[in-house]
Every structure is written in structure tokens, then in C-alpha cells.
$ cat run35.txt   # compact mmCIF, C-alpha atoms
# COMPACT_ATOMS: atom_id res chain seq x y z
CA MET A 1 4.92 -27.09 -5.60
CA ASN A 2 8.06 -28.38 -3.90
CA PRO A 3 8.43 -27.97 -0.14
CA SER A 4 10.87 -25.28 0.92
CA PRO A 5 12.56 -24.48 4.22
CA ASN A 6 10.51 -22.64 6.83
CA PRO A 7 10.88 -18.98 5.83
CA ALA A 8 10.92 -17.99 9.48
CA SER A 9 13.92 -20.15 10.29
CA PRO A 10 16.36 -18.65 12.82
CA ALA A 11 19.21 -18.82 10.30
CA ASP A 12 17.57 -16.26 8.04
CA GLY A 13 15.64 -14.33 10.69
CA PRO A 14 11.87 -14.01 10.76
CA LEU A 15 10.13 -12.59 7.71
CA PRO A 16 7.49 -9.88 8.21
CA LEU A 17 3.99 -10.95 9.11
CA ILE A 18 1.51 -9.39 6.68
CA ALA A 19 -2.23 -9.11 7.36
CA VAL A 20 -4.05 -9.64 4.04
CA THR A 21 -7.62 -8.34 4.05
CA MET A 22 -9.97 -10.25 1.75
CA GLY A 23 -11.80 -7.14 0.51
CA ASP A 24 -15.40 -7.21 -0.70
CA GLY A 25 -16.42 -10.85 -0.77
CA ALA A 26 -18.76 -10.27 -3.71
CA GLY A 27 -15.90 -8.98 -5.84
CA ILE A 28 -12.68 -10.53 -7.08
CA GLY A 29 -10.82 -10.15 -3.77
CA PRO A 30 -11.08 -13.81 -2.74
CA GLU A 31 -10.15 -14.91 -6.26
CA VAL A 32 -6.90 -12.92 -6.27
CA VAL A 33 -5.97 -13.54 -2.64
CA VAL A 34 -5.88 -17.34 -2.97
CA PRO A 35 -3.45 -17.61 -5.91
CA ALA A 36 -1.34 -14.75 -4.56
CA LEU A 37 -0.80 -16.61 -1.29
CA LEU A 38 -0.01 -19.81 -3.17
CA ASP A 39 2.53 -18.08 -5.43
CA GLN A 40 5.92 -19.75 -5.04
CA ASP A 41 7.69 -16.51 -4.15
CA THR A 42 5.22 -15.26 -1.53
CA LEU A 43 6.47 -17.43 1.33
CA ARG A 44 10.04 -16.50 0.47
CA ARG A 45 9.23 -12.85 1.17
CA CYS A 46 6.70 -12.74 4.00
CA ARG A 47 4.35 -14.63 6.28
CA PRO A 48 0.82 -13.73 5.10
CA VAL A 49 -2.31 -14.25 7.19
CA VAL A 50 -5.68 -13.54 5.57
CA ILE A 51 -8.43 -11.76 7.46
CA GLY A 52 -11.70 -12.75 5.83
CA ASP A 53 -14.09 -15.68 5.46
CA ALA A 54 -12.64 -19.17 5.07
CA ALA A 55 -15.71 -20.50 3.27
CA ARG A 56 -15.53 -17.76 0.63
CA LEU A 57 -11.83 -18.41 0.09
CA ARG A 58 -12.60 -22.10 -0.43
CA GLN A 59 -15.24 -21.16 -3.00
CA ALA A 60 -12.66 -18.99 -4.77
CA ALA A 61 -10.11 -21.79 -4.74
CA ARG A 62 -12.64 -24.14 -6.37
CA LEU A 63 -13.49 -21.52 -8.98
CA ARG A 64 -9.84 -21.27 -9.92
CA GLY A 65 -9.20 -25.00 -9.76
CA LEU A 66 -6.57 -24.61 -7.03
CA ASP A 67 -5.83 -27.41 -4.61
CA CYS A 68 -4.93 -25.91 -1.24
CA GLU A 69 -5.61 -26.13 2.47
CA ILE A 70 -7.42 -23.11 3.93
CA VAL A 71 -6.95 -23.26 7.68
CA PRO A 72 -8.74 -21.01 10.21
CA VAL A 73 -6.46 -19.62 12.93
CA SER A 74 -7.26 -17.37 15.87
CA GLY A 75 -4.29 -15.10 15.21
CA PRO A 76 -0.90 -14.84 13.48
CA GLU A 77 0.77 -16.69 16.34
CA GLU A 78 -1.13 -19.87 15.36
CA ALA A 79 -0.28 -19.69 11.68
CA GLU A 80 1.98 -22.24 10.01
CA PHE A 81 3.65 -21.35 6.75
CA THR A 82 4.01 -24.32 4.47
CA PRO A 83 3.42 -24.66 0.72
CA GLY A 84 -0.23 -25.11 -0.19
CA ARG A 85 -1.55 -23.79 3.13
CA ILE A 86 -3.44 -20.51 3.57
CA ASN A 87 -3.95 -19.24 7.11
CA VAL A 88 -7.11 -17.21 7.67
CA ILE A 89 -8.53 -15.39 10.67
CA ASP A 90 -12.07 -16.47 9.86
CA LEU A 91 -14.68 -13.84 10.78
CA ASP A 92 -17.43 -15.97 9.15
CA LEU A 93 -19.57 -12.99 8.18
CA LEU A 94 -20.75 -13.90 4.68
CA PRO A 95 -23.74 -16.11 3.84
CA ALA A 96 -22.89 -19.24 1.90
CA ASP A 97 -25.11 -18.15 -1.00
CA LEU A 98 -23.70 -14.60 -1.34
CA PRO A 99 -23.94 -13.81 -5.08
CA TRP A 100 -20.76 -12.95 -6.92
CA GLY A 101 -20.61 -9.62 -8.71
CA GLN A 102 -23.55 -7.95 -6.95
CA LEU A 103 -23.53 -4.99 -4.58
CA SER A 104 -24.09 -6.23 -1.04
CA ALA A 105 -24.39 -4.29 2.21
CA VAL A 106 -23.45 -7.49 4.05
CA ALA A 107 -20.25 -7.81 2.04
CA GLY A 108 -19.55 -4.09 2.54
CA ASP A 109 -19.86 -4.43 6.30
CA ALA A 110 -17.71 -7.57 6.27
CA ALA A 111 -14.98 -5.75 4.32
CA TYR A 112 -14.99 -3.09 7.04
CA GLN A 113 -14.67 -5.72 9.77
CA TYR A 114 -11.68 -7.34 8.03
CA ILE A 115 -9.91 -3.97 7.97
CA ALA A 116 -10.79 -3.31 11.61
CA VAL A 117 -9.11 -6.56 12.65
CA ALA A 118 -6.05 -5.74 10.54
CA ALA A 119 -5.82 -2.34 12.24
CA GLU A 120 -6.01 -3.99 15.66
CA LEU A 121 -3.20 -6.38 14.73
CA ALA A 122 -1.11 -3.47 13.46
CA MET A 123 -1.69 -1.41 16.59
CA SER A 124 -0.70 -4.33 18.82
CA GLY A 125 2.46 -5.06 16.82
CA ALA A 126 1.22 -8.52 15.84
CA VAL A 127 1.82 -7.79 12.14
CA GLN A 128 4.39 -5.64 10.37
CA GLY A 129 2.34 -4.81 7.27
CA ILE A 130 -1.15 -4.77 5.77
CA CYS A 131 -2.01 -5.73 2.19
CA THR A 132 -5.57 -5.02 1.08
CA ALA A 133 -7.72 -6.65 -1.58
CA PRO A 134 -10.23 -4.23 -3.12
CA LEU A 135 -13.40 -3.07 -1.43
CA ASN A 136 -16.42 -1.41 -3.01
CA LYS A 137 -17.12 2.08 -1.66
CA GLU A 138 -20.84 1.90 -2.38
CA ALA A 139 -21.11 -1.43 -0.55
CA LEU A 140 -19.02 -0.05 2.32
CA HIS A 141 -21.43 2.87 2.65
CA ALA A 142 -24.44 0.57 2.36
CA GLY A 143 -22.98 -1.43 5.23
CA GLY A 144 -23.04 1.68 7.40
CA HIS A 145 -19.40 2.79 7.14
CA ILE A 146 -19.05 6.20 5.51
CA PHE A 147 -15.43 6.46 4.44
CA PRO A 148 -13.99 7.37 1.02
CA GLY A 149 -11.86 4.23 1.00
CA HIS A 150 -9.15 2.16 2.67
CA THR A 151 -6.77 5.03 3.36
CA GLU A 152 -9.18 7.16 5.36
CA LEU A 153 -10.63 4.10 7.09
CA LEU A 154 -7.25 2.82 8.24
CA ALA A 155 -6.21 6.30 9.39
CA HIS A 156 -9.40 6.51 11.47
CA LEU A 157 -9.01 3.04 12.96
CA THR A 158 -5.38 3.62 13.92
CA GLY A 159 -5.93 7.15 15.24
CA VAL A 160 -3.66 8.80 12.66
CA ASP A 161 -4.48 12.35 11.56
CA GLU A 162 -2.38 12.56 8.40
CA VAL A 163 -1.01 9.95 6.01
CA SER A 164 0.73 10.06 2.64
CA MET A 165 0.31 8.14 -0.60
CA MET A 166 3.40 6.45 -1.95
CA LEU A 167 3.58 4.72 -5.32
CA ALA A 168 6.22 2.05 -5.72
CA THR A 169 7.56 0.26 -8.77
CA PRO A 170 10.71 -1.83 -9.11
CA THR A 171 12.37 1.29 -10.57
CA VAL A 172 11.04 4.33 -8.71
CA LYS A 173 9.28 5.19 -5.47
CA VAL A 174 7.39 8.46 -5.10
CA ILE A 175 5.52 10.01 -2.17
CA HIS A 176 2.96 12.77 -2.66
CA VAL A 177 2.56 16.01 -0.72
CA THR A 178 -1.00 16.38 -2.09
CA THR A 179 -3.13 13.92 -4.03
CA HIS A 180 -6.82 14.03 -4.92
CA ILE A 181 -7.49 17.75 -5.10
CA GLY A 182 -7.46 20.24 -7.97
CA LEU A 183 -4.15 21.71 -9.08
CA ILE A 184 -4.92 25.26 -7.87
CA ASP A 185 -6.03 23.86 -4.51
CA ALA A 186 -2.90 21.72 -4.32
CA VAL A 187 -0.59 24.70 -4.81
CA ASN A 188 -2.51 26.62 -2.15
CA ARG A 189 -2.36 23.72 0.30
CA ILE A 190 1.37 23.12 -0.04
CA GLU A 191 3.27 24.79 2.80
CA PRO A 192 6.57 24.10 4.59
CA GLY A 193 5.02 22.08 7.42
CA LEU A 194 3.19 19.73 5.07
CA VAL A 195 6.28 19.30 2.90
CA GLU A 196 8.41 18.57 5.96
CA ARG A 197 5.95 16.01 7.37
CA THR A 198 5.63 14.28 4.00
CA VAL A 199 9.40 13.98 3.56
CA ARG A 200 9.69 12.65 7.12
CA ARG A 201 7.07 9.98 6.45
CA GLY A 202 8.89 8.94 3.29
CA HIS A 203 12.26 8.91 5.06
CA GLU A 204 10.90 6.79 7.92
CA ALA A 205 9.29 4.35 5.49
CA MET A 206 12.53 3.90 3.57
CA VAL A 207 14.54 3.41 6.77
CA ARG A 208 12.01 0.86 8.02
CA ALA A 209 12.31 -0.95 4.69
CA GLY A 210 16.08 -1.29 5.06
CA THR A 211 17.54 1.85 3.45
CA PRO A 212 19.23 3.49 6.46
CA ASN A 213 20.26 6.72 4.71
CA PRO A 214 17.86 7.27 1.81
CA VAL A 215 18.63 9.95 -0.75
CA ILE A 216 15.39 11.87 -1.28
CA GLY A 217 14.75 14.09 -4.30
CA VAL A 218 12.12 16.79 -3.72
CA CYS A 219 10.36 18.18 -6.79
CA GLY A 220 9.56 21.83 -7.26
CA ILE A 221 6.11 23.14 -8.14
CA ASN A 222 6.85 25.19 -11.23
CA PRO A 223 8.62 24.20 -14.47
CA HIS A 224 12.37 23.92 -13.86
CA ALA A 225 11.60 24.32 -10.13
CA GLY A 226 11.00 28.01 -10.80
CA GLU A 227 14.43 28.56 -12.35
CA ASN A 228 15.46 31.17 -9.77
CA GLY A 229 12.21 33.10 -10.02
CA LEU A 230 11.83 32.99 -13.80
CA PHE A 231 8.69 30.84 -13.58
CA GLY A 232 5.94 31.22 -10.98
CA TYR A 233 5.81 33.54 -8.01
CA GLY A 234 8.52 32.18 -5.73
CA GLU A 235 6.54 29.15 -4.56
CA GLU A 236 9.66 27.00 -4.19
CA GLU A 237 11.39 29.52 -1.92
CA GLU A 238 8.24 30.08 0.11
CA LYS A 239 6.78 26.59 0.39
CA ILE A 240 9.59 24.05 -0.07
CA VAL A 241 13.02 25.47 0.75
CA PRO A 242 12.26 26.19 4.46
CA ALA A 243 11.21 22.57 4.97
CA LEU A 244 14.35 21.23 3.30
CA GLU A 245 16.55 23.45 5.46
CA VAL A 246 14.99 22.02 8.63
CA LEU A 247 15.26 18.45 7.39
CA ARG A 248 18.86 18.74 6.25
CA ALA A 249 19.84 20.31 9.57
CA GLU A 250 18.57 17.11 11.20
CA GLY A 251 20.52 14.83 8.87
CA VAL A 252 17.78 13.92 6.38
CA ASP A 253 19.31 13.80 2.89
CA ALA A 254 16.55 15.74 1.12
CA ARG A 255 17.71 17.43 -2.07
CA GLY A 256 15.92 20.06 -4.11
CA PRO A 257 13.74 21.65 -5.15
CA LEU A 258 14.36 19.66 -8.34
CA PRO A 259 12.89 20.13 -11.82
CA ALA A 260 10.26 17.42 -12.00
CA ASP A 261 10.96 16.75 -15.67
CA THR A 262 14.39 15.30 -14.83
CA ALA A 263 13.92 14.08 -11.24
CA PHE A 264 12.26 10.82 -12.24
CA PHE A 265 14.87 10.04 -14.87
CA LEU A 266 17.58 10.52 -12.24
CA ALA A 267 15.68 8.33 -9.78
CA GLY A 268 15.27 5.66 -12.43
CA ARG A 269 19.03 5.43 -12.90
CA GLY A 270 19.58 5.21 -9.16
CA ASP A 271 20.48 8.75 -8.06
CA TYR A 272 17.53 8.95 -5.64
CA ASP A 273 15.89 6.32 -3.46
CA LEU A 274 12.65 8.29 -3.20
CA ILE A 275 11.07 11.21 -5.06
CA VAL A 276 8.70 13.66 -3.37
CA ALA A 277 6.00 14.91 -5.76
CA MET A 278 4.06 18.05 -4.96
CA TYR A 279 0.76 17.03 -6.56
CA HIS A 280 -1.04 14.03 -8.01
CA ASP A 281 -0.11 14.02 -11.69
CA GLN A 282 3.46 15.14 -11.06
CA GLY A 283 4.05 11.80 -9.34
CA HIS A 284 1.50 9.50 -10.92
CA GLY A 285 2.30 10.23 -14.56
CA PRO A 286 5.97 9.23 -14.52
CA VAL A 287 5.38 6.24 -12.25
CA LYS A 288 2.70 4.85 -14.54
CA VAL A 289 4.96 5.27 -17.56
CA LEU A 290 7.85 3.58 -15.76
CA GLY A 291 5.96 0.72 -14.19
CA LEU A 292 2.18 0.70 -14.42
CA GLU A 293 2.04 -3.08 -14.66
CA ALA A 294 4.00 -3.44 -11.43
CA GLY A 295 2.87 -0.32 -9.59
CA VAL A 296 1.54 -0.59 -6.06
CA ASN A 297 -0.19 1.99 -3.88
CA LEU A 298 1.20 2.33 -0.36
CA THR A 299 -0.18 4.27 2.59
CA VAL A 300 2.64 5.77 4.65
CA GLY A 301 2.22 7.19 8.15
CA LEU A 302 0.18 4.35 9.66
CA PRO A 303 1.69 2.19 12.42
CA VAL A 304 2.62 -0.25 9.62
CA ILE A 305 3.02 -0.05 5.87
CA ARG A 306 -0.17 -0.73 3.92
CA THR A 307 -0.14 -1.75 0.27
CA SER A 308 -3.03 -2.29 -2.09
CA VAL A 309 -3.80 -3.66 -5.51
CA ASP A 310 -4.15 -1.20 -8.39
CA HIS A 311 -7.65 -2.37 -9.40
CA GLY A 312 -11.17 -2.45 -8.02
CA THR A 313 -13.66 -5.18 -7.15
CA ALA A 314 -14.39 -5.93 -10.85
CA PHE A 315 -17.95 -7.12 -10.27
CA ASP A 316 -18.26 -7.82 -14.00
CA ILE A 317 -15.88 -10.80 -13.80
CA ALA A 318 -16.26 -11.78 -10.13
CA GLY A 319 -17.08 -15.46 -9.71
CA THR A 320 -15.71 -16.46 -13.10
CA GLY A 321 -12.19 -17.42 -11.99
CA LYS A 322 -10.70 -15.09 -14.62
CA ALA A 323 -9.28 -12.39 -12.33
CA ASP A 324 -5.56 -11.74 -12.71
CA ALA A 325 -3.71 -12.07 -9.40
CA GLY A 326 -0.59 -10.24 -10.63
CA SER A 327 -1.32 -6.97 -8.85
CA MET A 328 -2.05 -8.79 -5.58
CA ILE A 329 1.23 -10.69 -5.84
CA GLU A 330 3.09 -7.43 -6.45
CA ALA A 331 1.27 -5.72 -3.57
CA LEU A 332 2.40 -8.53 -1.28
CA ARG A 333 5.96 -8.22 -2.57
CA GLN A 334 5.99 -4.51 -1.85
CA ALA A 335 4.42 -5.03 1.58
CA ALA A 336 7.21 -7.46 2.40
CA GLU A 337 9.90 -5.12 1.02
CA MET A 338 8.62 -2.04 2.83
CA SER A 339 7.86 -3.72 6.18
CA SER A 340 10.51 -4.16 8.82
CA ALA A 341 11.10 -7.70 10.03
CA PRO A 342 9.90 -8.46 13.55
CA ALA A 343 12.39 -8.58 16.39
CA ARG A 344 13.73 -12.03 17.12

$ encode --input "run35.txt" --output "C-alpha cells"
Amino acid sequence: MNPSPNPASPADGPLPLIAVTMGDGAGIGPEVVVPALLDQDTLRRCRPVVIGDAARLRQAARLRGLDCEIVPVSGPEEAEFTPGRINVIDLDLLPADLPWGQLSAVAGDAAYQYIAVAAELAMSGAVQGICTAPLNKEALHAGGHIFPGHTELLAHLTGVDEVSMMLATPTVKVIHVTTHIGLIDAVNRIEPGLVERTVRRGHEAMVRAGTPNPVIGVCGINPHAGENGLFGYGEEEEKIVPALEVLRAEGVDARGPLPADTAFFLAGRGDYDLIVAMYHDQGHGPVKVLGLEAGVNLTVGLPVIRTSVDHGTAFDIAGTGKADAGSMIEALRQAAEMSSAPAR
């Protein structure tokens, strides 16, 4: 790897600092974090600092046959960003003989502690983004932390009541009004306030990422967005239109309600910077068709953008050195793209 100029040089302005949590140390997290931070493009996009265990990262580097320097630092301010160097806030929580690929309450608790430190850094403004390697929910619970996953945990740690899921590919970005609930429940839950707050979160995320006046396409609920009352029972007029009127009056360029069957095509050709989906499959289906291999999950509404890989801890291959780091590299790219650069 050839040396490159310091990415934080004054000429270019500082790149965003990204806290990278190591995830469950018994899973593939360490094995995807190391190559992702050594990827030649990573330092061109951001300044990543791992929160995890230095010894486990060194084990992962040996497994993958990677020659690098893993350097403990007390915080992002101590980190140096040069090729072949990985900076880690070393919590030193894992035993040296922790088995790979086995459920561990110790690893579950450690994964929680990594996230807690990342949340503290975000709240203090020390980092501009968080990128998470996978944790194991069963291990997290065994470690005494009863949360469904990263999203709810980060919301709790940062004192945020409501967040939104955004999926991002190189072609399309979509934010969801509702996600993991049944379709009937989703329609019942959708109301103007929730739609308005979701659009605001998406608008703020796009502005923070460098799109000052994003064009936002808002999907309807029914086929053809109800087609003037032909389909459904007026849900668009009742649940969506009032929110859009408020937003547009404040200068947010939110357009719709749009037929979902054409909205994503229009976004793909560049008509919209962001699509607002009303429920899980309305947003997930098109995004996975358009860019599953490069899709990244983002949590919007936290003090900073949080991105994650699109896979789990993969205990079946952990410790073999076979894990593909592609999703972690893409998650870092999206974290860098969606995070505002720090003030000079």
C-alpha cells in the first residue's frame, strides 16, 4: 500500500471521524473490521477509530494474513491516520482464549460496552458518525442488556425517543415511516405527525450529508397513491397530505403522495434525492432489487448518523478468515458520505 497524503490536511478540510464498533468478538466483526479499515479507499473518505479489543483485532489480522499496526489510543484526538495503521480505543474486555463462533455472555456484554463508548463520543461531538459491526442479540441479552438490537440500544444511550431506518445504495436512498410491524398495524400507525417527523429526519440527514435542498418523494399507501379515492379509504388525504402541507410551507421540498410503483424508478434516474416509504416492504423490496450487494442500513435521528453491515455475526464461519468485508467497507463509505465534516 503506497503512502498517501494525510486525509485531514488543511487543504482539503478534515474528513469525518467515524467510531467503528467491533461488534460481538466471537463473531466475524473483528475479521471484517480489520480489512475494511485497511482498504485503500477508507482513509480517503473518513478517519475511522475502532472501539473494541486490540488483542482480538490482532488475532483477526493474523487469521486473515494481514500485516498492520493496531495501536491503542485513549480517544479520537490521539489517533493518527496513516496506511497500515488501525487506531483502537481498547476496552480490553475479552479473554485471550475466547472461542470463535460460540455464544458468549462476556462477548455480548463487551459488544454493549463498545456501543456505549461510541454513544458517549457521539453525544460529546468527538465523532461525526458511527459504523457498527454485527452483534448477537442472544449474547447481548445473556450479557444482561435487553435490547432488540443496535437501533434501540443507541436510541436509549443517546436519549432519543424516535428514530428512523434509512436504506442507502449508490442509486437510491429510502427512509421508512414504519418498519418491523404487520401491514395492517403499519397502516393504523401512520398518521400526519409521524409522517412529518420522518420526512424531517430524512431532510436533516440529507442536508447534513451535503445536499442542501434535497428533493424528497413521499410514497402513498394504496396502489397509485389512492388514485383520487379510487383505491382505499382516503388514507393519503387523511394521513399524508396534511404532513406534506406543513413541510412545504416551511420550505421542505416534499412531493407526493406518489405511486410507489414509479417513485423508485424516478429516484433511480435522479428525480428524487430521497424516497419516503410508508412501510417495510414498500421500501425494502425496491432497494434490494436496485442494490442489495451495496445496500447499507442507516439509523437517522440520533446525534450522528449510524450505519451498519447488512449481515449478522456468522458464527458458522467466525475464526476461519473467510468473512467478506465488502459490506463493512460499504457501511464505512456510507457513514462518511452521510456524516458532516467537523468544523475546522

$ residues_near_point --input "run35.txt" --point "(-17.0, -16.3, -4.1)" --cutoff "8 Å" --atoms "only C-alpha atoms" --output "list in words"
Gly25, Ala26, Gly27, Ile28, Pro30, Glu31, Arg56, Leu57, Gln59, Ala60, Leu63, Leu98, Pro99, Trp100, Ala318 and Gly319 of chain A

$ closest_residue --input "run35.txt" --among "A:His145, A:Arg269, A:Lys288, A:Arg47" --to "A:Asp310" --atoms "only C-alpha atoms"
A:Lys288

$ closest_residue --input "run35.txt" --among "A:Pro35, A:Gly143, A:Pro303, A:Gly29" --to "A:Val127" --atoms "all atoms listed in the file"
A:Pro303

$ closest_residue --input "run35.txt" --among "A:Gly75, A:Gly217, A:Gly144, A:Pro170" --to "A:Ala105" --atoms "all atoms listed in the file"
A:Gly144

$ closest_residue --input "run35.txt" --among "A:Val309, A:Ala331, A:Leu230, A:Ala209" --to "A:Gln128" --atoms "only C-alpha atoms"
A:Ala209

$ closest_residue --input "run35.txt" --among "A:Cys219, A:Ala79, A:Leu121, A:Leu302" --to "A:Tyr279" --atoms "all atoms listed in the file"
A:Cys219

$ closest_residue --input "run35.txt" --among "A:Thr198, A:Thr178, A:Val163, A:Asp273" --to "A:Pro214" --atoms "only C-alpha atoms"
A:Asp273

$ closest_atom_pairs --input "run35.txt" --of "stretch 18-109 of chain A" --to "stretch 132-142 of chain A" --cutoff "9 Å" --atoms "all atoms listed in the file" --output "JSON lines"
{"residue": "A:Ala19", "atom": "CA", "partner": "A:Thr132", "partner_atom": "CA", "distance": 8.2}
{"residue": "A:Val20", "atom": "CA", "partner": "A:Thr132", "partner_atom": "CA", "distance": 5.7}
{"residue": "A:Thr21", "atom": "CA", "partner": "A:Thr132", "partner_atom": "CA", "distance": 4.9}
{"residue": "A:Met22", "atom": "CA", "partner": "A:Ala133", "partner_atom": "CA", "distance": 5.4}
{"residue": "A:Gly23", "atom": "CA", "partner": "A:Ala133", "partner_atom": "CA", "distance": 4.6}
{"residue": "A:Asp24", "atom": "CA", "partner": "A:Leu135", "partner_atom": "CA", "distance": 4.7}
{"residue": "A:Gly25", "atom": "CA", "partner": "A:Leu135", "partner_atom": "CA", "distance": 8.4}
{"residue": "A:Gly27", "atom": "CA", "partner": "A:Leu135", "partner_atom": "CA", "distance": 7.8}
{"residue": "A:Ile28", "atom": "CA", "partner": "A:Pro134", "partner_atom": "CA", "distance": 7.8}
{"residue": "A:Gly29", "atom": "CA", "partner": "A:Ala133", "partner_atom": "CA", "distance": 5.2}
{"residue": "A:Pro30", "atom": "CA", "partner": "A:Ala133", "partner_atom": "CA", "distance": 8.0}
{"residue": "A:Val32", "atom": "CA", "partner": "A:Ala133", "partner_atom": "CA", "distance": 7.9}
{"residue": "A:Val33", "atom": "CA", "partner": "A:Ala133", "partner_atom": "CA", "distance": 7.2}
{"residue": "A:Leu103", "atom": "CA", "partner": "A:Ala139", "partner_atom": "CA", "distance": 5.9}
{"residue": "A:Ser104", "atom": "CA", "partner": "A:Ala139", "partner_atom": "CA", "distance": 5.7}
{"residue": "A:Ala105", "atom": "CA", "partner": "A:Ala142", "partner_atom": "CA", "distance": 4.9}
{"residue": "A:Val106", "atom": "CA", "partner": "A:Ala139", "partner_atom": "CA", "distance": 8.0}
{"residue": "A:Ala107", "atom": "CA", "partner": "A:Ala139", "partner_atom": "CA", "distance": 6.9}
{"residue": "A:Gly108", "atom": "CA", "partner": "A:Leu140", "partner_atom": "CA", "distance": 4.1}
{"residue": "A:Asp109", "atom": "CA", "partner": "A:Leu140", "partner_atom": "CA", "distance": 6.0}

$ atom_distance --input "run35.txt" --atom1 "atom CA of A:Glu191" --atom2 "atom CA of A:Glu238"
7.7 Å

$ residues_around --input "run35.txt" --residues "A:Gly283" --least-positions-apart "2" --cutoff "9 Å" --atoms "all atoms listed in the file" --output "list of chain:residue names"
A:Leu167, A:Val174, A:Ile175, A:His176, A:Ala260, A:Phe264, A:Ile275, A:Val276, A:Ala277, A:Met278, A:Tyr279, A:His280, A:Asp281, A:Gly285, A:Pro286, A:Val287, A:Lys288

$ residues_around --input "run35.txt" --residues "A:Pro16" --least-positions-apart "3" --cutoff "8 Å" --atoms "only C-alpha atoms" --output "short mmCIF file (atom, residue, chain, number, x, y, z; two decimals) with C-alpha atoms, in the coordinates of the input"
data_model
loop_
_atom_site.label_atom_id
_atom_site.label_comp_id
_atom_site.auth_asym_id
_atom_site.auth_seq_id
_atom_site.Cartn_x
_atom_site.Cartn_y
_atom_site.Cartn_z
CA ARG A 45 9.23 -12.85 1.17
CA CYS A 46 6.70 -12.74 4.00
CA ARG A 47 4.35 -14.63 6.28
CA VAL A 127 1.82 -7.79 12.14
CA GLN A 128 4.39 -5.64 10.37
CA GLY A 129 2.34 -4.81 7.27
CA ALA A 336 7.21 -7.46 2.40
CA SER A 339 7.86 -3.72 6.18
CA SER A 340 10.51 -4.16 8.82
CA ALA A 341 11.10 -7.70 10.03
CA PRO A 342 9.90 -8.46 13.55
#

$ residues_around --input "run35.txt" --residues "A:Glu245" --least-positions-apart "6" --cutoff "10 Å" --atoms "all atoms listed in the file" --output "count of residues only"
4

$ residues_around --input "run35.txt" --residues "A:Thr211" --least-positions-apart "6" --cutoff "10 Å" --atoms "only C-alpha atoms" --output "list in words"
His203, Glu204, Ala205, Asp273 and Met338 of chain A

$ atom_distance --input "run35.txt" --atom1 "atom CA of A:Arg333" --atom2 "atom CA of A:Phe147"
26.9 Å

$ residues_around --input "run35.txt" --residues "A:Phe265" --least-positions-apart "5" --cutoff "10 Å" --atoms "only C-alpha atoms" --output "ChimeraX atom specification"
/A:172,260,270-272,286,290

$ write_last_selection --input "run35.txt" --atoms "C-alpha atoms" --output "mmCIF file, keeping the file's coordinate frame"
data_model
loop_
_atom_site.group_PDB
_atom_site.id
_atom_site.type_symbol
_atom_site.label_atom_id
_atom_site.label_comp_id
_atom_site.auth_asym_id
_atom_site.auth_seq_id
_atom_site.Cartn_x
_atom_site.Cartn_y
_atom_site.Cartn_z
ATOM 1 C CA VAL A 172 11.040 4.330 -8.710
ATOM 2 C CA ALA A 260 10.260 17.420 -12.000
ATOM 3 C CA GLY A 270 19.580 5.210 -9.160
ATOM 4 C CA ASP A 271 20.480 8.750 -8.060
ATOM 5 C CA TYR A 272 17.530 8.950 -5.640
ATOM 6 C CA PRO A 286 5.970 9.230 -14.520
ATOM 7 C CA LEU A 290 7.850 3.580 -15.760
#

$ atom_distance --input "run35.txt" --atom1 "atom CA of A:Pro95" --atom2 "atom CA of A:Gly52"
12.7 Å

$ residues_near_point --input "run35.txt" --point "(-8.5, -17.8, 18.3)" --cutoff "12 Å" --atoms "all atoms listed in the file" --output "count of residues only"
12
